[in-house]
Each structure stands twice: as C-alpha cells, then as structure tokens.
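Participant: File name work.cif; file contents mmCIF, C-alpha atoms; full text below.
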```
data_structure
#
loop_
_atom_site.label_atom_id
_atom_site.label_comp_id
_atom_site.auth_asym_id
_atom_site.auth_seq_id
_atom_site.Cartn_x
_atom_site.Cartn_y
_atom_site.Cartn_z
CA MET A 23 -80.81 -196.19 -60.48
CA LYS A 24 -79.97 -193.93 -57.57
CA ALA A 25 -80.28 -190.27 -58.46
CA LYS A 26 -77.01 -188.39 -58.45
CA THR A 27 -76.80 -186.08 -55.46
CA LYS A 28 -75.07 -182.74 -55.87
CA LYS A 29 -73.70 -180.83 -52.92
CA PHE A 30 -73.12 -177.10 -52.52
CA HIS A 31 -71.70 -175.16 -49.60
CA LEU A 32 -71.57 -171.48 -48.68
CA LYS A 33 -69.88 -170.19 -45.51
CA ILE A 34 -70.72 -166.55 -44.95
CA PRO A 35 -70.55 -164.07 -42.05
CA GLY A 36 -73.97 -163.58 -40.45
CA ARG A 37 -74.58 -160.00 -41.47
CA LEU A 38 -77.81 -158.58 -42.85
CA GLU A 39 -76.06 -157.16 -45.91
CA ASN A 40 -75.17 -160.74 -46.91
CA LEU A 41 -78.82 -161.78 -47.24
CA GLU A 42 -78.81 -160.87 -50.91
CA ARG A 43 -75.77 -163.08 -51.63
CA ILE A 44 -77.40 -165.93 -49.74
CA ARG A 45 -80.61 -165.57 -51.79
CA THR A 46 -78.63 -165.47 -55.05
CA PHE A 47 -76.68 -168.60 -54.04
CA ILE A 48 -79.86 -170.57 -53.33
CA SER A 49 -81.91 -169.34 -56.28
CA GLY A 50 -79.05 -170.24 -58.64
CA ILE A 51 -79.08 -173.84 -57.42
CA ALA A 52 -82.90 -174.11 -57.49
CA SER A 53 -83.01 -172.63 -60.95
CA GLY A 54 -80.42 -175.12 -62.23
CA MET A 55 -82.54 -177.96 -60.84
CA GLY A 56 -85.51 -176.92 -62.95
CA PHE A 57 -87.80 -175.49 -60.26
CA ALA A 58 -90.49 -173.17 -61.64
CA LYS A 59 -90.06 -169.43 -61.00
CA ASP A 60 -92.77 -169.40 -58.34
CA ASP A 61 -91.06 -172.20 -56.39
CA ILE A 62 -87.67 -170.52 -56.73
CA ASN A 63 -89.20 -167.38 -55.19
CA LYS A 64 -90.53 -169.46 -52.28
CA ILE A 65 -87.18 -171.17 -51.64
CA GLU A 66 -85.39 -167.82 -51.84
CA LEU A 67 -87.75 -166.26 -49.29
CA ALA A 68 -87.48 -169.29 -46.96
CA ILE A 69 -83.65 -169.13 -46.86
CA ASP A 70 -83.83 -165.36 -46.26
CA GLU A 71 -86.19 -165.91 -43.31
CA ALA A 72 -84.01 -168.70 -41.86
CA CYS A 73 -80.83 -166.60 -42.08
CA THR A 74 -82.55 -163.42 -40.85
CA ASN A 75 -83.61 -165.39 -37.74
CA VAL A 76 -80.02 -166.58 -37.23
CA ILE A 77 -78.59 -163.08 -37.57
CA LYS A 78 -81.25 -161.40 -35.41
CA HIS A 79 -81.53 -164.07 -32.70
CA ALA A 80 -78.69 -166.62 -32.55
CA TYR A 81 -76.09 -163.99 -33.47
CA ARG A 82 -77.68 -160.97 -31.83
CA ASP A 83 -74.53 -160.43 -29.75
CA VAL A 84 -72.10 -161.94 -32.28
CA PRO A 85 -71.87 -159.55 -35.23
CA ASN A 86 -69.75 -161.75 -37.51
CA GLY A 87 -70.71 -165.29 -36.57
CA ASP A 88 -70.47 -167.71 -39.47
CA ILE A 89 -73.47 -169.21 -41.19
CA ASP A 90 -72.90 -172.47 -43.03
CA ILE A 91 -75.35 -173.28 -45.77
CA ASN A 92 -75.15 -176.84 -47.06
CA VAL A 93 -77.37 -177.80 -49.95
CA LYS A 94 -78.03 -181.26 -51.36
CA SER A 95 -79.95 -181.63 -54.56
CA ASP A 96 -81.10 -184.60 -56.60
CA ASP A 97 -83.78 -185.12 -59.23
CA LYS A 98 -86.55 -185.08 -56.63
CA LYS A 99 -85.75 -182.37 -54.11
CA ILE A 100 -83.56 -179.65 -52.69
CA ALA A 101 -82.51 -180.00 -49.04
CA ILE A 102 -81.01 -176.93 -47.38
CA ARG A 103 -79.26 -177.04 -44.02
CA VAL A 104 -78.56 -173.72 -42.32
CA THR A 105 -76.10 -174.04 -39.43
CA ASP A 106 -75.14 -171.40 -36.90
CA TYR A 107 -72.94 -171.56 -33.83
CA GLY A 108 -74.77 -169.02 -31.70
CA LYS A 109 -77.42 -168.86 -29.03
CA SER A 110 -79.70 -171.87 -29.31
CA PHE A 111 -83.32 -171.33 -29.83
CA ASN A 112 -85.93 -173.94 -29.00
CA HIS A 113 -88.02 -173.98 -32.15
CA GLU A 114 -90.12 -176.88 -30.93
CA THR A 115 -91.81 -174.69 -28.37
CA ILE A 116 -92.82 -172.16 -30.97
CA GLU A 117 -96.31 -172.80 -32.11
CA MET A 118 -97.65 -171.80 -35.48
CA PRO A 119 -99.38 -168.49 -34.93
CA ASP A 120 -103.10 -168.23 -35.42
CA MET A 121 -102.80 -165.77 -38.31
CA GLU A 122 -106.22 -164.25 -37.91
CA LYS A 123 -105.59 -163.50 -34.26
CA TYR A 124 -102.04 -162.46 -35.05
CA LEU A 125 -103.13 -159.92 -37.63
CA ALA A 126 -106.03 -158.71 -35.51
CA GLU A 127 -103.56 -157.89 -32.78
CA LEU A 128 -101.25 -156.21 -35.31
CA ARG A 129 -98.21 -157.82 -33.79
CA VAL A 130 -94.83 -157.15 -35.34
CA GLY A 131 -92.14 -159.66 -36.17
CA GLY A 132 -92.04 -163.41 -35.65
CA LEU A 133 -93.53 -164.07 -39.05
CA GLY A 134 -90.39 -165.76 -40.40
CA ILE A 135 -91.01 -169.24 -39.01
CA TYR A 136 -94.61 -169.18 -40.15
CA LEU A 137 -93.44 -168.25 -43.64
CA MET A 138 -90.73 -170.93 -43.76
CA LYS A 139 -93.24 -173.63 -42.82
CA THR A 140 -95.72 -172.34 -45.38
CA LEU A 141 -93.22 -171.97 -48.23
CA MET A 142 -91.30 -175.25 -47.86
CA ASP A 143 -92.50 -178.88 -47.82
CA GLU A 144 -90.51 -179.81 -44.70
CA VAL A 145 -88.86 -177.71 -41.99
CA ASP A 146 -86.94 -179.34 -39.12
CA TYR A 147 -84.60 -178.20 -36.38
CA GLU A 148 -81.63 -180.04 -34.91
CA ALA A 149 -79.43 -179.00 -32.01
CA GLY A 150 -75.77 -180.08 -32.03
CA PRO A 151 -73.29 -181.51 -32.32
CA GLY A 152 -71.64 -179.05 -29.94
CA ASN A 153 -72.99 -175.55 -30.14
CA ARG A 154 -74.51 -175.97 -33.59
CA ASN A 155 -78.10 -175.09 -34.38
CA ASN A 156 -79.43 -176.45 -37.65
CA VAL A 157 -82.51 -175.64 -39.66
CA ILE A 158 -83.22 -178.15 -42.41
CA MET A 159 -85.67 -177.24 -45.15
CA VAL A 160 -86.80 -179.42 -48.04
CA LYS A 161 -88.70 -178.60 -51.19
CA TYR A 162 -89.74 -181.27 -53.70
CA LEU A 163 -89.78 -180.81 -57.44
CA PRO A 164 -93.27 -181.33 -58.91
CA ALA A 165 -93.96 -185.01 -59.60
CA SER A 166 -94.12 -184.47 -63.35
CA ASN A 167 -90.39 -183.65 -63.36
CA ASN A 168 -89.42 -186.96 -61.74
CA MET B 3 -75.23 -154.72 -51.84
CA SER B 4 -78.99 -154.98 -51.68
CA GLU B 5 -80.39 -152.33 -53.91
CA PHE B 6 -83.26 -150.53 -52.32
CA GLU B 7 -84.64 -147.03 -52.73
CA VAL B 8 -87.43 -145.08 -51.06
CA THR B 9 -88.69 -141.90 -52.70
CA ARG B 10 -91.67 -139.76 -51.86
CA LYS B 11 -94.14 -137.48 -53.57
CA ASP B 12 -96.63 -135.27 -51.73
CA VAL B 13 -99.92 -134.37 -53.37
CA ASP B 14 -101.95 -132.04 -51.14
CA ASP B 15 -102.35 -133.95 -47.87
CA ILE B 16 -101.57 -137.34 -49.43
CA SER B 17 -98.03 -138.78 -49.53
CA ILE B 18 -97.02 -141.42 -52.03
CA VAL B 19 -94.02 -143.54 -51.09
CA TYR B 20 -92.28 -145.38 -53.93
CA LEU B 21 -90.35 -148.53 -53.04
CA LYS B 22 -87.78 -149.88 -55.47
CA GLY B 23 -85.65 -153.03 -55.33
CA TYR B 24 -85.22 -155.48 -52.47
CA LEU B 25 -86.91 -154.97 -49.10
CA ASP B 26 -85.37 -157.37 -46.57
CA ALA B 27 -84.04 -157.20 -43.00
CA HIS B 28 -81.04 -155.23 -44.27
CA THR B 29 -83.01 -152.53 -46.07
CA ALA B 30 -86.16 -152.44 -43.89
CA PRO B 31 -84.76 -149.70 -41.58
CA GLU B 32 -84.65 -147.32 -44.55
CA PHE B 33 -88.37 -147.81 -45.18
CA GLU B 34 -89.04 -147.51 -41.47
CA THR B 35 -87.25 -144.14 -41.39
CA ALA B 36 -89.34 -142.88 -44.31
CA LEU B 37 -92.62 -143.82 -42.61
CA GLN B 38 -91.47 -142.38 -39.29
CA GLN B 39 -90.64 -139.12 -41.07
CA LEU B 40 -94.20 -138.97 -42.45
CA VAL B 41 -95.70 -139.65 -39.02
CA ASP B 42 -93.48 -136.95 -37.51
CA GLU B 43 -94.74 -134.49 -40.13
CA GLU B 44 -98.31 -135.61 -39.34
CA ARG B 45 -98.78 -136.74 -42.93
CA VAL B 46 -100.75 -139.92 -42.34
CA LYS B 47 -102.64 -140.37 -45.62
CA ILE B 48 -100.10 -142.67 -47.18
CA VAL B 49 -100.02 -144.65 -50.42
CA VAL B 50 -97.13 -147.08 -50.87
CA ASN B 51 -96.47 -147.72 -54.56
CA LEU B 52 -94.99 -151.20 -54.96
CA ALA B 53 -94.65 -151.29 -58.75
CA LYS B 54 -90.84 -151.41 -58.67
CA LEU B 55 -90.49 -153.51 -55.53
CA ALA B 56 -88.81 -156.73 -56.68
CA TYR B 57 -88.76 -158.56 -53.36
CA ILE B 58 -90.15 -158.44 -49.82
CA SER B 59 -89.45 -160.60 -46.76
CA SER B 60 -91.17 -160.67 -43.38
CA ALA B 61 -88.84 -157.90 -42.17
CA GLY B 62 -90.40 -155.61 -44.79
CA LEU B 63 -93.92 -156.72 -43.92
CA GLY B 64 -93.11 -156.00 -40.29
CA VAL B 65 -92.56 -152.33 -41.12
CA PHE B 66 -96.14 -152.03 -42.44
CA MET B 67 -97.40 -153.83 -39.33
CA GLY B 68 -95.37 -151.58 -37.04
CA PHE B 69 -96.95 -148.34 -38.25
CA ILE B 70 -100.51 -149.14 -39.22
CA GLU B 71 -102.06 -148.98 -35.77
CA ASP B 72 -100.53 -145.62 -34.90
CA ILE B 73 -101.40 -144.17 -38.32
CA ARG B 74 -105.03 -145.31 -38.15
CA GLN B 75 -105.37 -143.86 -34.66
CA LYS B 76 -104.37 -140.54 -36.22
CA ASP B 77 -107.17 -140.96 -38.79
CA GLY B 78 -104.74 -141.91 -41.52
CA ASP B 79 -104.09 -145.11 -43.42
CA ILE B 80 -101.47 -146.96 -45.45
CA LYS B 81 -102.90 -148.08 -48.78
CA LEU B 82 -100.86 -150.32 -51.06
CA ALA B 83 -100.81 -149.87 -54.81
CA GLU B 84 -99.52 -151.69 -57.87
CA PRO B 85 -97.81 -154.74 -56.34
CA THR B 86 -96.24 -157.20 -58.77
CA GLU B 87 -97.70 -160.69 -58.67
CA LYS B 88 -94.60 -161.97 -56.83
CA VAL B 89 -94.82 -159.36 -54.06
CA PHE B 90 -98.62 -159.65 -53.80
CA ARG B 91 -98.27 -163.39 -53.12
CA VAL B 92 -96.16 -162.72 -50.03
CA PHE B 93 -98.69 -160.16 -48.75
CA ASP B 94 -101.44 -162.65 -49.46
CA LEU B 95 -99.68 -165.46 -47.61
CA LEU B 96 -99.78 -163.40 -44.43
CA GLY B 97 -103.36 -162.25 -44.82
CA PHE B 98 -102.54 -158.63 -45.63
CA PRO B 99 -105.47 -158.16 -48.04
CA VAL B 100 -107.78 -158.35 -45.00
CA LEU B 101 -105.90 -155.64 -43.16
CA TYR B 102 -104.79 -153.29 -45.91
CA GLU B 103 -106.42 -151.86 -48.98
CA ILE B 104 -104.40 -153.12 -51.94
CA VAL B 105 -105.29 -151.63 -55.32
CA SER B 106 -103.94 -152.08 -58.82
CA LYS B 107 -103.50 -148.36 -59.59
CA GLU B 108 -101.90 -145.63 -57.51
CA SER B 109 -104.59 -143.16 -58.68
CA GLU B 110 -107.27 -145.44 -57.27
CA ALA B 111 -105.70 -145.26 -53.80
CA VAL B 112 -105.33 -141.47 -54.07
CA ASP B 113 -108.99 -141.12 -55.14
CA LYS B 114 -110.13 -143.12 -52.12
CA TYR B 115 -108.52 -140.53 -49.83
CA LYS B 116 -109.98 -137.63 -51.84
CA LYS B 117 -113.47 -139.07 -51.56
CA GLY B 118 -112.82 -139.44 -47.84
#
```
Give the structure from the file, written as structure tokens.

Facilitator:
Amino acid sequence: MKAKTKKFHLKIPGRLENLERIRTFISGIASGMGFAKDDINKIELAIDEACTNVIKHAYRDVPNGDIDINVKSDDKKIAIRVTDYGKSFNHETIEMPDMEKYLAELRVGGLGIYLMKTLMDEVDYEAGPGNRNNVIMVKYLPASNN
Amino acid sequence: MSEFEVTRKDVDDISIVYLKGYLDAHTAPEFETALQQLVDEERVKIVVNLAKLAYISSAGLGVFMGFIEDIRQKDGDIKLAEPTEKVFRVFDLLGFPVLYEIVSKESEAVDKYKKG
C-alpha cells in the first residue's frame, strides 16, 4: 500500500527574525512524524542554515523577499523544499570545505552548506522555473520505524 | 521573537560571558557586540558559559571564529564551559574541540587561566 503523503506549506518574509518561526514550523512536523529528538535537532538546524543562506545571499538586497517552504512527509521520510526568488547562487560549484584546513585558517562563515550536507541524508539544488532557486533536503526515518 | 541574552561577570582579569536562549543569525550580532566590547576593554581572558544556551547555528559559531585569532594574538583565549549535549554536538560537528578548550565546569576554565 502506498504510504499517505502529507503536505505542509509556509510562506514567510525572508527576515532573520523569522528564523525561529521557521524552525518551530519544521520541528513540529518532524516531531509529529516520530523522528527522535536528536534527528529533530538536525532537521531544525538544517532548515535554519538553508534559510539563513537565502536571507543573507539571495535576498541580500531584497529585505522582504518571500521564502516558500514546502514539506512532504510520509512514513519513510521528510522532504523539505526551500524556494526563494532572489539572486541565484550556483551551489554546484561550491565544494565541501576541507574542515581541518578550514579551521586551521580560522575562516569565518560559509559553514552552513557543510552543515546542511552533514545533517541531512540528501541535499539538492534546482534552479527555476523562472527566477526560483530551490534547495531540497531529505531526511529518512530510521528503518525500524518503517 | 528569538529569545537570547548575553550577560557578563568579571572576576579579576577574567570575564565570564553567559549565553542564554537561541543563538542564530538574528541574535549573533548581540554576542558579537559583547565580545567586541571585551576586546575594546582589553579583557581577553574569556570564558563563555553555555549552560543556558538552547540552540546554536553556524552564524553563532562564526562569532567564535571571528574573534579567536585576534584574542589569541593579544595573549588571551576564549574557553567554552558547560555546553548542553545538544549544543556540544554542533560544536563537535565543526571540529571545535580541536580549536577551543571546552570544559564541563565554568570553574575549571577559570582555574586554567589562574594557573596561567
């Protein structure tokens, strides 16, 4: 039997003071799905990092640009799509930092993408349609829950 | 509103900074201001007490990264004390235990400065 997919949507202005509401929105869904506390913390941090990047980069010159957060959940996974309509950002050219070198050089910032990839099972980027930039992140429930 | 508070206690030449609540990109500037204030006062023996810090994102970690080099050049340090398990995990993920002294008791960090 096909698992029932649930959908959730939050449209919110891309402002840093909204990060807390975004985290609460996502952790509520993850908690309802039965993720363990530790995984909920990871998902919450990943969405924060994704939206912080949108606000600081894509919307640097657009103080109230909308962020659309679309979530699909079923009995196996949570899939989160973060969409902005700002300056596009070629994520493919960003390489995973060599953390040892990174820390040795004491460089500031740019840790968000590294964290997202470490915290989530899948992280992908899609450009379009139109001026949309999408980050898609997936986290699977542990196999024992399936 | 993200709840976040920075308070400070000075003990001789050591300053203890208490973080409370949620440290994200919205609240990070407040922490940055507090550290800048210490640097401006040339108080560079710093302990950051994390016992009441509920959450940290990379923006918060970036504040530590932004000051450590300057503070160590001035013969100071930032030592971290009493992180919750949740907050420690984020520090650990980014390799902070290699770069920073992280101890389970504030008094331990203070003693390390006193022993020089």

Participant: Running the PyMOL selection byres ((chain A and resi 160) around 8) on this model by hand, what would come out? Give it as a PyMOL selection string.

Facilitator: chain A and resi 99-102+142-145+158-159+161-162

Participant: If the cut-off is 8 Å, can you tell me the residues of chain B near chain A, counting all atoms listed in the file? I'd like them as JSON, numbers by chain.

Facilitator: {"B": [3, 4, 26, 27, 28, 59, 60, 61, 64, 65, 67, 68, 71, 88, 95, 96, 97, 101]}

Participant: Could the residues in this selection be saved with C-alpha atoms as a PDB file, in the frame of the given file?

Facilitator:
```pdb
ATOM      1  CA  MET B   3     -75.230-154.720 -51.840  1.00  0.00           C
ATOM      2  CA  SER B   4     -78.990-154.980 -51.680  1.00  0.00           C
ATOM      3  CA  ASP B  26     -85.370-157.370 -46.570  1.00  0.00           C
ATOM      4  CA  ALA B  27     -84.040-157.200 -43.000  1.00  0.00           C
ATOM      5  CA  HIS B  28     -81.040-155.230 -44.270  1.00  0.00           C
ATOM      6  CA  SER B  59     -89.450-160.600 -46.760  1.00  0.00           C
ATOM      7  CA  SER B  60     -91.170-160.670 -43.380  1.00  0.00           C
ATOM      8  CA  ALA B  61     -88.840-157.900 -42.170  1.00  0.00           C
ATOM      9  CA  GLY B  64     -93.110-156.000 -40.290  1.00  0.00           C
ATOM     10  CA  VAL B  65     -92.560-152.330 -41.120  1.00  0.00           C
ATOM     11  CA  MET B  67     -97.400-153.830 -39.330  1.00  0.00           C
ATOM     12  CA  GLY B  68     -95.370-151.580 -37.040  1.00  0.00           C
ATOM     13  CA  GLU B  71    -102.060-148.980 -35.770  1.00  0.00           C
ATOM     14  CA  LYS B  88     -94.600-161.970 -56.830  1.00  0.00           C
ATOM     15  CA  LEU B  95     -99.680-165.460 -47.610  1.00  0.00           C
ATOM     16  CA  LEU B  96     -99.780-163.400 -44.430  1.00  0.00           C
ATOM     17  CA  GLY B  97    -103.360-162.250 -44.820  1.00  0.00           C
ATOM     18  CA  LEU B 101    -105.900-155.640 -43.160  1.00  0.00           C
TER      19      LEU B 101
END
```

Participant: Let me make sure I understand: among B:Lys47, B:Arg74, B:Lys81, B:Arg91, which one has the smallest atom-to-atom distance to Ile104 in chain B if we use only C-alpha atoms?

Facilitator: B:Lys81

Participant: Please evaluate the PyMOL selection byres ((chain B and resi 90) around 12) against the displayed coordinates and give the resulting residues as a VMD selection string.

Facilitator: chain B and resid 52 to 53 55 to 59 63 82 to 89 91 to 99 102 104 to 106

Participant: Grab the CA of Ile48 in chain B to CA of Lys107 in chain B distance for me, in Å with one decimal place.

Facilitator: 14.1 Å

Participant: So what do you get for CA of Arg45 in chain B versus CA of Gly78 in chain B, distance-wise?

Facilitator: 8.0 Å

Participant: Kindly give the distance, in Å, that separates CA of Pro35 in chain A and CA of Ser95 in chain A, rounded to a single decimal.

Facilitator: 23.5 Å

Participant: Could I see range 137-148 of chain A restored to N, CA, C and O atoms, set down as a short mmCIF file (atom, residue, chain, number, x, y, z; two decimals), keeping the file's coordinate frame?

Facilitator:
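As written to disk, result20.cif reads:
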```
data_model
loop_
_atom_site.label_atom_id
_atom_site.label_comp_id
_atom_site.auth_asym_id
_atom_site.auth_seq_id
_atom_site.Cartn_x
_atom_site.Cartn_y
_atom_site.Cartn_z
N LEU A 137 -93.68 -168.27 -42.19
CA LEU A 137 -93.44 -168.25 -43.64
C LEU A 137 -92.64 -169.46 -44.10
O LEU A 137 -92.98 -170.10 -45.08
N MET A 138 -91.56 -169.78 -43.38
CA MET A 138 -90.73 -170.93 -43.76
C MET A 138 -91.57 -172.19 -43.85
O MET A 138 -91.45 -172.97 -44.80
N LYS A 139 -92.42 -172.41 -42.84
CA LYS A 139 -93.24 -173.63 -42.82
C LYS A 139 -94.28 -173.62 -43.93
O LYS A 139 -94.69 -174.67 -44.42
N THR A 140 -94.73 -172.44 -44.31
CA THR A 140 -95.72 -172.34 -45.38
C THR A 140 -95.07 -172.51 -46.75
O THR A 140 -95.66 -173.11 -47.65
N LEU A 141 -93.86 -172.00 -46.92
CA LEU A 141 -93.22 -171.97 -48.23
C LEU A 141 -92.56 -173.30 -48.60
O LEU A 141 -92.46 -173.64 -49.77
N MET A 142 -92.06 -174.03 -47.59
CA MET A 142 -91.30 -175.25 -47.86
C MET A 142 -92.15 -176.48 -47.55
O MET A 142 -93.14 -176.40 -46.84
N ASP A 143 -91.74 -177.65 -48.08
CA ASP A 143 -92.50 -178.88 -47.82
C ASP A 143 -92.18 -179.46 -46.44
O ASP A 143 -93.03 -180.05 -45.80
N GLU A 144 -90.91 -179.31 -46.03
CA GLU A 144 -90.51 -179.81 -44.70
C GLU A 144 -89.59 -178.80 -44.06
O GLU A 144 -88.71 -178.25 -44.73
N VAL A 145 -89.78 -178.56 -42.75
CA VAL A 145 -88.86 -177.71 -41.99
C VAL A 145 -88.59 -178.41 -40.66
O VAL A 145 -89.52 -178.76 -39.94
N ASP A 146 -87.32 -178.67 -40.38
CA ASP A 146 -86.94 -179.34 -39.12
C ASP A 146 -85.80 -178.59 -38.44
O ASP A 146 -85.07 -177.85 -39.10
N TYR A 147 -85.68 -178.83 -37.15
CA TYR A 147 -84.60 -178.20 -36.38
C TYR A 147 -83.81 -179.28 -35.68
O TYR A 147 -84.38 -180.26 -35.20
N GLU A 148 -82.49 -179.11 -35.63
CA GLU A 148 -81.63 -180.04 -34.91
C GLU A 148 -80.64 -179.24 -34.10
O GLU A 148 -80.03 -178.30 -34.62
#
```
